[in-house]
Amino acid sequence: MQLDNLYQEVILDHYKRPEHKGLSHISDVQVHHVNPSCGDELTLNLSLVDDAIVLSWDGVGCSISMASASMMAGLLTGKTLQDAGVVVDAFISLMQSKGTQSGDEEVLEDAVAFAGVSKYPARIKCALLGWMAFKDAAVQVQGKKSLGSES
Amino acid sequence: MSLNAALIRKDFPIFERLIRGENRLVYLDSGATSQKPNAVIDAEANFYRQSNAAVHRGAHQLAEEATEAYEGARLIVANFLGAHEDEIIFTKSATESLNLLAYAMGNSLNGERFHLGAEDRIVVTEMEHHANLLPWQQLSKRTGAKLSWFNVGPDGRLDLSDIDSIIQEDTKVVALTHQSNVLGTINPLDAIVARAHQVGAVVILDACQSVPHMSIDVQSLGVDFLAFSGHKSVGPTGIGVLWGRTELLNDLPPFLFGGSMVSSASMTDATWAPIPRKFEAGVPNMAQAVGLGAALEYLENIGLENIHAHEVALTGRLIEGLLKIEGVKIFGPTDLEMRGGVVAFTVDGLHPHDVGQYLDSIGIAVRTGHHCAWPLNKKFGVNATVRASIYLYNDEEDIDALIEGVRGAKKYFGDR
C-alpha cells in the first residue's frame, strides 16, 4: 500500500511508544510550538549539561508529529549544539526534498523513515513541528549562554 | 422528488478523475469548498471568452454586455434569497462580507446609527467560524464595545436559556452562524431575532453553510444582514455576497474606497453612490459573479428542498454508521432535527490527521483539524476532529465508503 511509505513501521512504533516524552522539571529553555493548521501542540525543554544536549518534550498531535519529535529527542540528546545543527539541517533538507532524497542514514539514523513524508506536502509541517521547536530553543539557549558568559 | 446523485455527478467533471492511484473520488469536504458543475465553469470561461470588459464603465458593446451579465447575476442572487437586487453586494468572499460590515460599522461616526462605543455591546456565539468571530472580537477591541456570547451545550446546540441577559438593552449587533461548520447544528433564529429587534440590535447571519444547502428567504428569516460565499455553493472562488436591508445599507458608511463607489469626488471630499455600488469599490470579480449566477440557477433547477432532504437522509445514514463503530465520538447533534450535513467526529486512539490521511489513500476527501473554530474545539476538549460534509453529488455509496474507511483506519493503525 502506498500509504506504508508514509507510515513506516518505525514511525508508528515511536508514536505508540514515544521516547523522552514527559517534561523534565529542569530546563534552560522551554519552547511551545503550535501547528495552527491542525492544532497540534508541542512543548520542548532543552538543557545543556557540559555542552551536551538534554531534551524532554510533551505534546498532542498526529503520529507523524509525535513520532518525529520522539525520534529527534533520541537523536539529539547527548550531542553538542553544533553537531545537533548538522542533524537538524539534514532532516529539514530531507523534508524539503519532495521525495527525491532517501536521507543519509549515517546522520539521521531511523529518522530516514520520514523520507516518505516529503511526498505529502500537507504533512511536512507535522514532521517538522519538533525540529522547529528545537531550532527555536537552540537559538534561545545560545543567547542565554552568551549573556551568562558576559556577566 | 428525490435527487439522483449519480446523474448530478456527471455534471461535475472533477468526478471523472481518480485519486491516489485507481480510487474514485469520494468528496466529503464540501463544507470547505464545493465542486463545480460544467455550467459554472463554462459561464465563467465564456465571460472571459465573449464579454470581458470592465463593468459600469466604457462606452462600448463589450462593457454593456459585461455589465448586463454582472447585473444579471445580481438579480439571480436577489431572487435566490428573496431580496431586492440593490440589497445584494458582491464581495470576494463571505469573510470579506463580514469584515465589510465590521469595518463599516467601525467607520461610523459618533451619532450615526452604527457607531459603537464602550456603552454598546456585540453578541456572538461560541460556535462561530473565525470569519464571524474575529471581525467582531476585533471591532470590540477597537471601539471598546463589550463582547458577549451564547454558549454551546454538550448537545451541540446554543444555550438560549439566558437570552435576555446575553442580548441586553445595550446590544447593537448580534452576529451568528445559521449552521455550524463543525457541529452541523442549524440555529433557531426566531427567538434571537425577536430579542435583538426588541433592544434595537441588528442580526447578522453567517449563512455560508446554509445558503448552498437549503431554501432561504431573507424576509422570513427576519435577519438584517446575511453573508455567504460562492465557492461553497458550486460557484467560483473569489466571489461572496453580502445582503442587507435597504434602509440599513443606506445608513452604513462605506468600507472600501475607490473607483465606482462615488457619486462625486473633489480633492477634499466625496459623496457615495447609492447601494449596492457604495460598497463595491474597484473593478469587481465579474466573471466570478457571473459564475455564481450560473451556480445558483443550477441549484435552483435541482431544487433546494430536494438538496436539503437528500443531505439530511445521508447525514442520518452517516451518523448511524459511525456510531456503530467502537471508539467513534460525534461532535454535534446526533438527531436530525434542525441539522445539516456536516458531521465532525473523532476515533479513540487515532489522531484526526492520521484518519484523514488513511481515508485519502482510498480516495475519500475529508477535512481534519479545528475547522477555523478554535474556541469551539477547546470547548469540546479536542484539538482537532475529522469532518465529513455532504452535498448534492454525494450518495449512499459515498457514505458507506467513509464508514468502511473509518473501520479501515482503525485496523490500519491499530493492528500494526
# chains A, B, ... in the order shown; residues from 1 in each chain; ligands from 1
>>> select_by_dssp(residues="range 86-331 of chain B", states="alpha helix (DSSP H)", output="count of residues only")
83
>>> residues_around(residues="Asn99 in chain B", least_positions_apart="2", cutoff="10 Å", atoms="only C-alpha atoms", output="list in words")
Ser93, Ala94, Thr95, Glu96, Ser97, Leu101, Ala102, Tyr103, Ala104, Met105, Ala131, Asn132, Leu134, Pro135, Trp136, Leu139 and Phe255 of chain B
>>> write_last_selection(atoms="N, CA and C atoms", output="mmCIF file, in the first residue's frame")
data_model
loop_
_atom_site.group_PDB
_atom_site.id
_atom_site.type_symbol
_atom_site.label_atom_id
_atom_site.label_comp_id
_atom_site.auth_asym_id
_atom_site.auth_seq_id
_atom_site.Cartn_x
_atom_site.Cartn_y
_atom_site.Cartn_z
ATOM 1 N N SER B 93 -15.514 37.299 -0.882
ATOM 2 C CA SER B 93 -15.747 36.107 -0.066
ATOM 3 C C SER B 93 -16.720 36.456 1.045
ATOM 4 N N ALA B 94 -17.242 35.445 1.698
ATOM 5 C CA ALA B 94 -18.089 35.693 2.866
ATOM 6 C C ALA B 94 -17.270 36.352 3.969
ATOM 7 N N THR B 95 -16.006 35.946 4.060
ATOM 8 C CA THR B 95 -15.114 36.574 5.046
ATOM 9 C C THR B 95 -15.051 38.075 4.812
ATOM 10 N N GLU B 96 -14.917 38.463 3.543
ATOM 11 C CA GLU B 96 -14.887 39.894 3.250
ATOM 12 C C GLU B 96 -16.241 40.542 3.555
ATOM 13 N N SER B 97 -17.326 39.834 3.275
ATOM 14 C CA SER B 97 -18.657 40.385 3.569
ATOM 15 C C SER B 97 -18.782 40.736 5.047
ATOM 16 N N LEU B 101 -18.871 44.550 6.962
ATOM 17 C CA LEU B 101 -19.834 45.036 7.960
ATOM 18 C C LEU B 101 -19.120 45.576 9.189
ATOM 19 N N ALA B 102 -18.160 44.787 9.679
ATOM 20 C CA ALA B 102 -17.474 45.184 10.913
ATOM 21 C C ALA B 102 -16.685 46.483 10.712
ATOM 22 N N TYR B 103 -15.992 46.570 9.574
ATOM 23 C CA TYR B 103 -15.207 47.793 9.335
ATOM 24 C C TYR B 103 -16.103 48.994 9.047
ATOM 25 N N ALA B 104 -17.186 48.764 8.307
ATOM 26 C CA ALA B 104 -18.096 49.875 8.012
ATOM 27 C C ALA B 104 -18.700 50.399 9.310
ATOM 28 N N MET B 105 -19.070 49.490 10.203
ATOM 29 C CA MET B 105 -19.589 49.934 11.495
ATOM 30 C C MET B 105 -18.511 50.702 12.253
ATOM 31 N N ALA B 131 -14.258 33.500 10.886
ATOM 32 C CA ALA B 131 -14.664 34.600 9.998
ATOM 33 C C ALA B 131 -15.829 35.401 10.571
ATOM 34 N N ASN B 132 -16.595 34.795 11.485
ATOM 35 C CA ASN B 132 -17.699 35.545 12.092
ATOM 36 C C ASN B 132 -17.456 35.756 13.585
ATOM 37 N N LEU B 134 -13.749 36.719 14.708
ATOM 38 C CA LEU B 134 -12.640 37.669 14.822
ATOM 39 C C LEU B 134 -13.006 39.085 14.372
ATOM 40 N N PRO B 135 -13.784 39.276 13.290
ATOM 41 C CA PRO B 135 -14.134 40.656 12.930
ATOM 42 C C PRO B 135 -14.844 41.383 14.079
ATOM 43 N N TRP B 136 -15.696 40.662 14.816
ATOM 44 C CA TRP B 136 -16.480 41.283 15.903
ATOM 45 C C TRP B 136 -15.645 41.429 17.157
ATOM 46 N N LEU B 139 -13.448 44.315 16.396
ATOM 47 C CA LEU B 139 -14.219 45.564 16.406
ATOM 48 C C LEU B 139 -14.492 45.980 17.850
ATOM 49 N N PHE B 255 -16.894 50.823 3.306
ATOM 50 C CA PHE B 255 -15.703 50.202 3.892
ATOM 51 C C PHE B 255 -14.509 50.434 2.975
#
>>> residues_around(residues="range 60-75 of chain B", least_positions_apart="2", cutoff="7 Å", atoms="only C-alpha atoms", output="list of chain:residue names")
B:Ser51, B:Asn52, B:Ala53, B:Ala54, B:Val55, B:His56, B:Arg57, B:Gly58, B:Val77, B:Ala78, B:Asn79, B:Glu85, B:Ile88, B:Met286, B:Ala289, B:Val290, B:Gly293
>>> residues_around(residues="range 55-57 of chain A", least_positions_apart="3", cutoff="7 Å", atoms="only C-alpha atoms", output="PyMOL selection string")
chain A and resi 20-24+43-47+73+77
>>> residues_around(residues="Gln8 in chain A", least_positions_apart="5", cutoff="9 Å", atoms="only C-alpha atoms", output="PyMOL selection string")
chain A and resi 3+13+113-114+116
>>> interface_residues(of="chain A", to="chain B", cutoff="8 Å", atoms="only C-alpha atoms", output="PyMOL selection string")
chain A and resi 2-3+9+12+37-40+61-63
>>> write_last_selection(atoms="C-alpha atoms", output="mmCIF file, in the first residue's frame")
data_model
loop_
_atom_site.group_PDB
_atom_site.id
_atom_site.type_symbol
_atom_site.label_atom_id
_atom_site.label_comp_id
_atom_site.auth_asym_id
_atom_site.auth_seq_id
_atom_site.Cartn_x
_atom_site.Cartn_y
_atom_site.Cartn_z
ATOM 1 C CA GLN A 2 1.256 3.462 -0.992
ATOM 2 C CA LEU A 3 0.389 4.708 2.484
ATOM 3 C CA GLU A 9 6.750 0.728 10.971
ATOM 4 C CA LEU A 12 4.220 4.034 14.262
ATOM 5 C CA SER A 37 -3.390 24.430 10.506
ATOM 6 C CA CYS A 38 -4.186 21.309 12.550
ATOM 7 C CA GLY A 39 -3.966 22.312 16.204
ATOM 8 C CA ASP A 40 -1.004 20.084 17.083
ATOM 9 C CA GLY A 61 -0.616 15.587 17.685
ATOM 10 C CA CYS A 62 -0.720 13.125 14.862
ATOM 11 C CA SER A 63 1.510 10.094 14.527
#
>>> residues_around(residues="Met127 in chain B", least_positions_apart="3", cutoff="7 Å", atoms="only C-alpha atoms", output="list in words")
Val152, Ser180, Ala373 and Leu376 of chain B
>>> select_by_dssp(residues="range 104-209 of chain B", states="strand (DSSP E or B)", output="list in words")
Arg121, Ile122, Val123, Val124, Thr125, Lys146, Leu147, Ser148, Trp149, Phe150, Val152, Leu158, Thr171, Lys172, Val173, Val174, Ala175, Leu176, Thr177, Gln179, Thr185, Ile186, Val202, Val203, Ile204, Leu205 and Asp206 of chain B
>>> closest_residue(among="A:Leu81, A:Ile64, A:Leu75, A:Cys126", to="Val107 in chain A", atoms="only C-alpha atoms")
A:Leu75
>>> residues_around(residues="Ala45 in chain B", least_positions_apart="2", cutoff="12 Å", atoms="only C-alpha atoms", output="number ranges by chain")
B: 38-43, 47-52, 236, 286-291, 294
>>> write_last_selection(atoms="C-alpha atoms", output="mmCIF file, in the first residue's frame")
data_model
loop_
_atom_site.group_PDB
_atom_site.id
_atom_site.type_symbol
_atom_site.label_atom_id
_atom_site.label_comp_id
_atom_site.auth_asym_id
_atom_site.auth_seq_id
_atom_site.Cartn_x
_atom_site.Cartn_y
_atom_site.Cartn_z
ATOM 1 C CA ASN B 38 -19.749 22.454 -16.127
ATOM 2 C CA ALA B 39 -22.468 25.109 -16.190
ATOM 3 C CA VAL B 40 -20.437 27.218 -13.773
ATOM 4 C CA ILE B 41 -17.046 26.539 -15.325
ATOM 5 C CA ASP B 42 -18.480 27.428 -18.748
ATOM 6 C CA ALA B 43 -20.224 30.577 -17.520
ATOM 7 C CA PHE B 47 -17.495 35.598 -19.777
ATOM 8 C CA TYR B 48 -13.774 35.885 -20.488
ATOM 9 C CA ARG B 49 -14.194 34.455 -23.990
ATOM 10 C CA GLN B 50 -17.176 36.546 -25.050
ATOM 11 C CA SER B 51 -17.970 39.557 -22.886
ATOM 12 C CA ASN B 52 -14.921 40.563 -20.896
ATOM 13 C CA PRO B 236 -16.409 30.029 -8.321
ATOM 14 C CA MET B 286 -17.087 39.955 -12.758
ATOM 15 C CA ALA B 287 -16.540 36.515 -14.236
ATOM 16 C CA GLN B 288 -16.911 35.037 -10.753
ATOM 17 C CA ALA B 289 -20.176 36.879 -10.155
ATOM 18 C CA VAL B 290 -21.467 35.544 -13.465
ATOM 19 C CA GLY B 291 -20.301 32.071 -12.441
ATOM 20 C CA ALA B 294 -24.955 30.123 -13.054
#
>>> atom_distance(atom1="CA of Ser102 in chain A", atom2="CA of Ala90 in chain A")
11.0 Å
>>> atom_distance(atom1="CA of Asp398 in chain B", atom2="CA of Pro36 in chain A")
29.5 Å
>>> atom_distance(atom1="CA of Lys145 in chain A", atom2="CA of Val49 in chain A")
11.9 Å
